[in-house]
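Colleague: Got a structure for you, written out below as structure tokens; questions coming shortly.
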Amino acid sequence: MGVRSVRLALGLLTGLAATQSFAQEQAMQRVEVTGSAIKRINVEGALPIQTLSQEVIAKTGATNVAELIQTLPAMQGFTISAVAAGSNSGGRVSASIHDIGESYTLVLLNGRRLAPQGSGSAVNLQAIPMSAVERVEILTDGASALYGSDAIAGVINFVLKRNQQGGDIEANYSTPTSNRAGDSKYVAASYGFGDLDTQGFNVLLSYRHDDQSQVRSTDRDFAKTAYLPFEYGGKNYIYDRTSSATIPANVTVTFNDPKVASAAFSPYLRKNGNCPELNFASLTNTAAIQNCSFDFVTQVEIVPENKRDSLFLKGSLKVADNVTLFSDVAYSRFDLTARIASNTAPFTIATNSAMFTQYVDPYLTPAQRAAGIKSVAGNYRTYDWGTRDSQTITESKHAVVGADIDVANWSVNTALTWSQNAIDERYVGGYAKNAEFRKMLADRSFDPFAPIGAQSAATQELIKNSIFHGSIREASTTLKAVDLRASRELFAMAGGAAAVALGADYREYRYDQVPHATSSDIYNFNTSPAYDMKRDNMGAFTEFRAPLTKQIELNAALRYDKISAIDDAIQGRKFGSDQSKSTYKLSARYQPTQQLLFRGSYGTGFKAPSMLDIAQPLVNAGFTAGNFDCPIADANLCRPGKTQYNVVSSGNENLKPETSKQFTIGTRWEPSARLSMGLDLWDVKIRDAVSAVSEQQAFADPVKFRDLFTTYTEPSTGNTYWAFRSSSVNIGRTHNRGIDWDITARQRLGFGNLTATLNGTYTLKSDYTRPGTSNDWTNSMNYFGINNAVTFKNIVRLLTTLDTGKLSNSIVVNYRNGYTDAAADVRDVAANATVKNFRMEVPSFTTFDWQARFKYNEAITVRAGIKNLFDREPPLSLRNSSGHQVGFDPRYADPLGRQFYLTGNYKF
């Protein structure tokens, strides 16, 4: 960014939140605002902060923090809970401002960090106690100069209730209208006593319990199959994501003579001429490959079942006129069970066995027999064992003890923080025990070539007794921190008093994972690796505010951070090196009239890669999401046909820290009390951004990405095949730019007040260099890019409320533009031919929500509403990433459909 742009950024200033009024009267009380350590009268400063009040939150109909945050127009690129089906995320959900990324978005609770989930910096929003939230402040501008690493995209600060007196009970029930699968409910209660101002103390206790029921893929027509016929452009196609791990099993035969290609076939298909129920003849079959393929989606969940209990305790005690002690204690337990298709279970078939004689030998040609048989394997789906059920219990614990002190004209705030996010992952169904499964194969207690439902009652009893139940790993991330902030006024200036803030903080992060020994009892399972990684961060900052005139205010902040190398107790050495960096931020506000405001900022950022990005050893990471041809021709390492390959992942000790430069420029105009408008241009450039080559990108050009292919030996068969190695790299550069805008209009009518707020984010750039390059740019703007994601150019939300006293009605309209879908191989039905790299246009997605609020009296309030009023289904998408769901992209459209909800609140 050139000097001219810097000057422009310093001379202007971006707008306030969409729902705030510029002329709103504020209490003359100095407060600390997100994005600044200087306490000031709570008026608009030099940074764009969006504030969501309790009433605005209630009008959205959101029942949890993730639902509230992830539907805001400024949010893109976050993790959703649906990916828990088929991953070990445990239902983790995150926030990502402006699609810059969840690891660049800092999440705070009452102004302080929470422990992330995993070895990075992304916080699990499931840990936030929703019913204790008083308001949410969202700084949509980088704040690394104040908060340090991980605040490049911005900051979300959940401010919890303070100084509450009396009680509050609330209950909610929500249910889809077309199919009750997916109903949810919660009950919450809070009670506060003591008045900090008059009695010198206040205690607040809040508790909430949530229940969400599961939604199976078969509960929704748009999600029920992996064998997906569809019509597009007047032609009929078939999209096939079915799996070669089947019931009955498929067979793969390799030969000693490398000139003879491997054979792959379904004995059932060869014998009967068709495939059995829940299976299809694979569309990738050839003369040499005659497989059935299993419709695994029939067993998949699209919304996992979960329960949450959250508890929050806050205490404040004024021990002197100038000293107030405080403590925050938050605890949540999130219990999620995700179910996916029955496990894959490859097994070896001996050439001298009865199984070989019955199911393999009759379908080999004389030439194949003459070539000499090297190995025979079956690819089986353990359907009779049931779905793979993974229960993850996530416990989040957070405790802060601190003090607010006014001494010698300084306002001092200091605290100790201890925070932990811990998970216990358990397998509670569908996984076969190793010894029992091998014994049943050896003595033929069950037949892997029998169709569904053909096993005898005795076999079914053996299967029931061979299902593994137990914990497979426990992992936790622990944060220990101490911080000190102090601010004061310095001297008088034409526009008011100049002020300064000083601060320092120390944080220690520890990531720990302990695999359970019993997990080695699971058939075809790789035990989770053990981790014990630790590193610390030390930082110091200063901030200065100078109100030059009544119209012009300048601000400057400077920070220094030092992040240590990673101390890995398991591998017995340090990884990486100490990293340090100074960052700064300059901002300004100019208010020429009471109705018009300009403001802007320019700053730099610094971020160290996560601990696993640097120090993770090579570990198994499951399978590719898509089916691929063999990446590198090798008869000994290729799997026959087009199929899934194993994925392994590892760290990269050569990763460099990421650095950023960003600016905001904007204005806010309120010509009258009835109308206010804001416009904010934001721009973020990141160098040495950490990312990874996607499986689609690597398999499309295996020559270029040869170093990302390694070998993997199946624990069940001992066979070795190619595998894709996922490893983080400094992708090069990213450049994101866009506009946040809002318009609020108010009209007083004879029977009530009408308020309408239209706000949105219009993205101008979503550019990034291809992994490993610094100048080969690409993007995901309205296009499913090589990062397996879409950046939406236009996301808009309209909130309209008619308030007629005790009764108010609100309509919310959510809009997201269409995009070009992921490339996929599909079958042209009329031509009976495969169309490679087929891309279609996914239409825009608009939903309408309605809510009525009836305030019976000051104590009782009832809300009733309908989300997705017109029952809009997610649009068809052929993406093959980010989850086991097929036919739609759960990241961009809610699969629950139309939902009715009822909420009652009683205050006492």
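We name chains A, B, ... following the order of the structure tokens; residues begin at 1 in each chain, and ligands are numbered from 1 as shown.
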Which residues in range 50-143 of chain A does DSSP call strand (DSSP E or B)? List them as number ranges by chain.

Modeller: A: 50-53, 75, 97, 105-109, 112-113, 133-139

Colleague: Skip range 873-876 of chain A itself and residues of its chain fewer than 4 positions away, then list as an MDAnalysis selection string all residues within 7 Å of it, counting only C-alpha atoms.

Modeller: chainID A and resid 842:843 887:888 893:895 897

Colleague: Give me a file of those residues, with N, CA and C atoms, as an mmCIF file, in the first residue's frame.

Modeller:
data_model
loop_
_atom_site.group_PDB
_atom_site.id
_atom_site.type_symbol
_atom_site.label_atom_id
_atom_site.label_comp_id
_atom_site.auth_asym_id
_atom_site.auth_seq_id
_atom_site.Cartn_x
_atom_site.Cartn_y
_atom_site.Cartn_z
ATOM 1 N N VAL A 842 -24.859 -22.566 -9.146
ATOM 2 C CA VAL A 842 -25.734 -22.712 -7.985
ATOM 3 C C VAL A 842 -26.511 -21.406 -7.820
ATOM 4 N N PRO A 843 -27.830 -21.451 -7.746
ATOM 5 C CA PRO A 843 -28.615 -20.208 -7.672
ATOM 6 C C PRO A 843 -28.451 -19.501 -6.336
ATOM 7 N N GLY A 887 -25.091 -33.562 -2.219
ATOM 8 C CA GLY A 887 -26.234 -32.944 -2.867
ATOM 9 C C GLY A 887 -26.466 -31.496 -2.488
ATOM 10 N N PHE A 888 -25.806 -31.035 -1.436
ATOM 11 C CA PHE A 888 -25.916 -29.636 -1.022
ATOM 12 C C PHE A 888 -24.665 -29.304 -0.222
ATOM 13 N N ALA A 893 -26.075 -23.271 3.344
ATOM 14 C CA ALA A 893 -27.538 -23.324 3.408
ATOM 15 C C ALA A 893 -27.956 -24.278 4.520
ATOM 16 N N ASP A 894 -28.872 -23.840 5.347
ATOM 17 C CA ASP A 894 -29.343 -24.617 6.486
ATOM 18 C C ASP A 894 -30.254 -25.742 6.008
ATOM 19 N N PRO A 895 -29.958 -26.998 6.367
ATOM 20 C CA PRO A 895 -30.793 -28.117 5.908
ATOM 21 C C PRO A 895 -32.051 -28.346 6.724
ATOM 22 N N GLY A 897 -34.725 -26.510 7.074
ATOM 23 C CA GLY A 897 -35.963 -26.092 6.429
ATOM 24 C C GLY A 897 -36.773 -25.159 7.307
#

Colleague: Determine which residues of range 342-460 of chain A DSSP labels as helix (DSSP H, G or I) from the backbone of this structure, then write them out as a PyMOL selection string.

Modeller: chain A and resi 354-359+361-363+366-370+383-385+434-442+457-460

Colleague: Output N, CA and C atoms of each residue in that selection to a file, as a PDB file, in the first residue's frame.

Modeller:
ATOM      1  N   ALA A 354     -11.459 -71.410   1.181  1.00  0.00           N
ATOM      2  CA  ALA A 354     -12.760 -71.697   0.587  1.00  0.00           C
ATOM      3  C   ALA A 354     -13.410 -70.422   0.073  1.00  0.00           C
ATOM      4  N   MET A 355     -13.123 -69.301   0.720  1.00  0.00           N
ATOM      5  CA  MET A 355     -13.670 -68.012   0.288  1.00  0.00           C
ATOM      6  C   MET A 355     -13.160 -67.654  -1.106  1.00  0.00           C
ATOM      7  N   PHE A 356     -11.862 -67.906  -1.338  1.00  0.00           N
ATOM      8  CA  PHE A 356     -11.291 -67.648  -2.662  1.00  0.00           C
ATOM      9  C   PHE A 356     -11.931 -68.570  -3.704  1.00  0.00           C
ATOM     10  N   THR A 357     -12.081 -69.813  -3.343  1.00  0.00           N
ATOM     11  CA  THR A 357     -12.645 -70.784  -4.288  1.00  0.00           C
ATOM     12  C   THR A 357     -14.080 -70.432  -4.670  1.00  0.00           C
ATOM     13  N   GLN A 358     -14.847 -69.921  -3.694  1.00  0.00           N
ATOM     14  CA  GLN A 358     -16.262 -69.643  -3.937  1.00  0.00           C
ATOM     15  C   GLN A 358     -16.505 -68.302  -4.618  1.00  0.00           C
ATOM     16  N   TYR A 359     -15.748 -67.263  -4.220  1.00  0.00           N
ATOM     17  CA  TYR A 359     -16.098 -65.903  -4.635  1.00  0.00           C
ATOM     18  C   TYR A 359     -15.118 -65.240  -5.599  1.00  0.00           C
ATOM     19  N   ASP A 361     -12.116 -67.142  -7.588  1.00  0.00           N
ATOM     20  CA  ASP A 361     -11.580 -67.948  -8.680  1.00  0.00           C
ATOM     21  C   ASP A 361     -12.547 -68.116  -9.860  1.00  0.00           C
ATOM     22  N   PRO A 362     -13.874 -68.268  -9.630  1.00  0.00           N
ATOM     23  CA  PRO A 362     -14.772 -68.456 -10.788  1.00  0.00           C
ATOM     24  C   PRO A 362     -14.796 -67.270 -11.759  1.00  0.00           C
ATOM     25  N   TYR A 363     -14.342 -66.109 -11.334  1.00  0.00           N
ATOM     26  CA  TYR A 363     -14.453 -64.916 -12.171  1.00  0.00           C
ATOM     27  C   TYR A 363     -13.110 -64.443 -12.710  1.00  0.00           C
ATOM     28  N   PRO A 366      -8.346 -67.311 -17.668  1.00  0.00           N
ATOM     29  CA  PRO A 366      -7.142 -68.166 -17.726  1.00  0.00           C
ATOM     30  C   PRO A 366      -5.853 -67.343 -17.752  1.00  0.00           C
ATOM     31  N   ALA A 367      -5.864 -66.214 -18.466  1.00  0.00           N
ATOM     32  CA  ALA A 367      -4.661 -65.379 -18.533  1.00  0.00           C
ATOM     33  C   ALA A 367      -4.317 -64.806 -17.162  1.00  0.00           C
ATOM     34  N   GLN A 368      -5.336 -64.450 -16.410  1.00  0.00           N
ATOM     35  CA  GLN A 368      -5.087 -63.914 -15.072  1.00  0.00           C
ATOM     36  C   GLN A 368      -4.545 -65.000 -14.154  1.00  0.00           C
ATOM     37  N   ARG A 369      -5.071 -66.187 -14.238  1.00  0.00           N
ATOM     38  CA  ARG A 369      -4.544 -67.262 -13.404  1.00  0.00           C
ATOM     39  C   ARG A 369      -3.103 -67.580 -13.771  1.00  0.00           C
ATOM     40  N   ALA A 370      -2.807 -67.533 -15.072  1.00  0.00           N
ATOM     41  CA  ALA A 370      -1.450 -67.826 -15.537  1.00  0.00           C
ATOM     42  C   ALA A 370      -0.450 -66.761 -15.094  1.00  0.00           C
ATOM     43  N   TYR A 383     -21.926 -53.122   7.464  1.00  0.00           N
ATOM     44  CA  TYR A 383     -23.303 -52.650   7.613  1.00  0.00           C
ATOM     45  C   TYR A 383     -24.010 -53.299   8.797  1.00  0.00           C
ATOM     46  N   ASP A 384     -23.752 -54.587   9.023  1.00  0.00           N
ATOM     47  CA  ASP A 384     -24.429 -55.292  10.109  1.00  0.00           C
ATOM     48  C   ASP A 384     -23.956 -54.832  11.479  1.00  0.00           C
ATOM     49  N   TRP A 385     -22.840 -54.117  11.557  1.00  0.00           N
ATOM     50  CA  TRP A 385     -22.351 -53.565  12.818  1.00  0.00           C
ATOM     51  C   TRP A 385     -23.017 -52.209  13.127  1.00  0.00           C
ATOM     52  N   ASN A 434     -10.963 -55.764  16.787  1.00  0.00           N
ATOM     53  CA  ASN A 434      -9.987 -56.355  15.883  1.00  0.00           C
ATOM     54  C   ASN A 434      -9.943 -57.878  15.990  1.00  0.00           C
ATOM     55  N   ALA A 435      -9.703 -58.395  17.199  1.00  0.00           N
ATOM     56  CA  ALA A 435      -9.540 -59.845  17.363  1.00  0.00           C
ATOM     57  C   ALA A 435     -10.810 -60.593  16.984  1.00  0.00           C
ATOM     58  N   GLU A 436     -11.956 -60.075  17.419  1.00  0.00           N
ATOM     59  CA  GLU A 436     -13.228 -60.741  17.146  1.00  0.00           C
ATOM     60  C   GLU A 436     -13.549 -60.742  15.654  1.00  0.00           C
ATOM     61  N   PHE A 437     -13.279 -59.610  14.987  1.00  0.00           N
ATOM     62  CA  PHE A 437     -13.580 -59.539  13.557  1.00  0.00           C
ATOM     63  C   PHE A 437     -12.686 -60.492  12.767  1.00  0.00           C
ATOM     64  N   ARG A 438     -11.408 -60.537  13.100  1.00  0.00           N
ATOM     65  CA  ARG A 438     -10.497 -61.446  12.392  1.00  0.00           C
ATOM     66  C   ARG A 438     -10.875 -62.902  12.629  1.00  0.00           C
ATOM     67  N   LYS A 439     -11.295 -63.233  13.848  1.00  0.00           N
ATOM     68  CA  LYS A 439     -11.699 -64.613  14.143  1.00  0.00           C
ATOM     69  C   LYS A 439     -12.942 -64.987  13.340  1.00  0.00           C
ATOM     70  N   MET A 440     -13.893 -64.066  13.253  1.00  0.00           N
ATOM     71  CA  MET A 440     -15.110 -64.345  12.498  1.00  0.00           C
ATOM     72  C   MET A 440     -14.817 -64.523  11.015  1.00  0.00           C
ATOM     73  N   LEU A 441     -13.837 -63.775  10.511  1.00  0.00           N
ATOM     74  CA  LEU A 441     -13.422 -63.965   9.122  1.00  0.00           C
ATOM     75  C   LEU A 441     -12.769 -65.327   8.929  1.00  0.00           C
ATOM     76  N   ALA A 442     -11.890 -65.666   9.885  1.00  0.00           N
ATOM     77  CA  ALA A 442     -11.110 -66.906   9.744  1.00  0.00           C
ATOM     78  C   ALA A 442     -11.986 -68.147   9.819  1.00  0.00           C
ATOM     79  N   ALA A 457     -29.066 -65.607  12.865  1.00  0.00           N
ATOM     80  CA  ALA A 457     -29.284 -65.042  14.196  1.00  0.00           C
ATOM     81  C   ALA A 457     -28.049 -65.231  15.068  1.00  0.00           C
ATOM     82  N   ALA A 458     -27.378 -66.370  14.929  1.00  0.00           N
ATOM     83  CA  ALA A 458     -26.162 -66.622  15.710  1.00  0.00           C
ATOM     84  C   ALA A 458     -25.067 -65.640  15.320  1.00  0.00           C
ATOM     85  N   THR A 459     -24.951 -65.379  14.021  1.00  0.00           N
ATOM     86  CA  THR A 459     -23.945 -64.419  13.561  1.00  0.00           C
ATOM     87  C   THR A 459     -24.258 -63.020  14.061  1.00  0.00           C
ATOM     88  N   GLN A 460     -25.532 -62.671  14.040  1.00  0.00           N
ATOM     89  CA  GLN A 460     -25.921 -61.343  14.517  1.00  0.00           C
ATOM     90  C   GLN A 460     -25.587 -61.168  15.997  1.00  0.00           C
TER      91      GLN A 460
END

Colleague: Just give me the gap between CA of Gly167 in chain A and CA of Gly194 in chain A in Å, one decimal is fine.

Modeller: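 Separation between CA of Gly167 in chain A and CA of Gly194 in chain A: 12.1 Å.
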
Colleague: Smallest atom-to-atom distance to Asn880 in chain A: which of A:Arg599, A:Ala422, A:Tyr427, A:Ala226, using only C-alpha atoms?

Modeller: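 The closest residue to Asn880 in chain A is A:Ala226.
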
Colleague: Please provide as a ChimeraX atom specification all residues within 12 Å of Asp740 in chain A, with the sequence filter that same-chain residues fewer than 3 positions apart are discarded (counting only C-alpha atoms).

Modeller: /A:14-18,48-50,72-75,97-98,139-141,664-668,677-683,737,743,758-764,793-797

Colleague: Given the choices A:Ala432, A:Val83, A:Ala745, A:Ile452, which gets closest to Val303 in chain A if the distance is worked out from only C-alpha atoms?

Modeller: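 Among A:Ala432, A:Val83, A:Ala745, A:Ile452, it is A:Val83 that comes nearest to Val303 in chain A.
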
Colleague: Need to verify the contact set: Lys235 in chain A, 9 Å, only C-alpha atoms, exclusion of same-chain residues closer than 2 positions in sequence. Can you return it as a list in words?

Modeller: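 Within the cut-off, the hits are Phe230, Glu231, Tyr232, Gly233, Tyr237, Asp828, Val829 and Ala830 of chain A.
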
Colleague: May I have the selected residues written with C-alpha atoms, as a tab-separated table (two decimals), in the first residue's frame?

Modeller:
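Listed below is the output, part26.tsv:
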chain	number	residue	atom	x	y	z
A	230	PHE	CA	-30.37	-34.33	-11.68
A	231	GLU	CA	-31.43	-32.13	-14.56
A	232	TYR	CA	-29.40	-29.12	-15.67
A	233	GLY	CA	-29.64	-27.05	-18.81
A	237	TYR	CA	-27.09	-36.24	-15.54
A	828	ASP	CA	-24.57	-37.65	-19.33
A	829	VAL	CA	-27.55	-40.01	-19.39
A	830	ALA	CA	-28.53	-39.46	-23.04

Colleague: Neighbours of Ile393 in chain A within 6 Å (only C-alpha atoms; same-chain residues fewer than 6 positions away dropped), as a VMD selection string?

Modeller: chain A and resid 334 to 335 423 to 424

Colleague: Could you tell me which of A:Asn868, A:Ser728, A:Asn627, A:Thr365 comes closest to Ser649 in chain A if we count only C-alpha atoms?

Modeller: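 Ranked by minimum distance to Ser649 in chain A, first place goes to A:Ser728.
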
Colleague: Calculate how many Å separate CA of Val619 in chain A from CA of Gly785 in chain A, rounding to one decimal.

Modeller: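 Between CA of Val619 in chain A and CA of Gly785 in chain A the gap works out to 26.7 Å.
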
Colleague: Applying 6 Å and only C-alpha atoms, which residues near range 546-561 of chain A remain after dropping the ones on its own chain fewer than 3 positions away? List them as a PyMOL selection string.

Modeller: chain A and resi 145+494-496+498+538-543+580-592

Colleague: In Å, how far is it from CA of Leu479 in chain A to CA of Val323 in chain A?

Modeller: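 About the pair CA of Leu479 in chain A and CA of Val323 in chain A: they are 26.5 Å apart.
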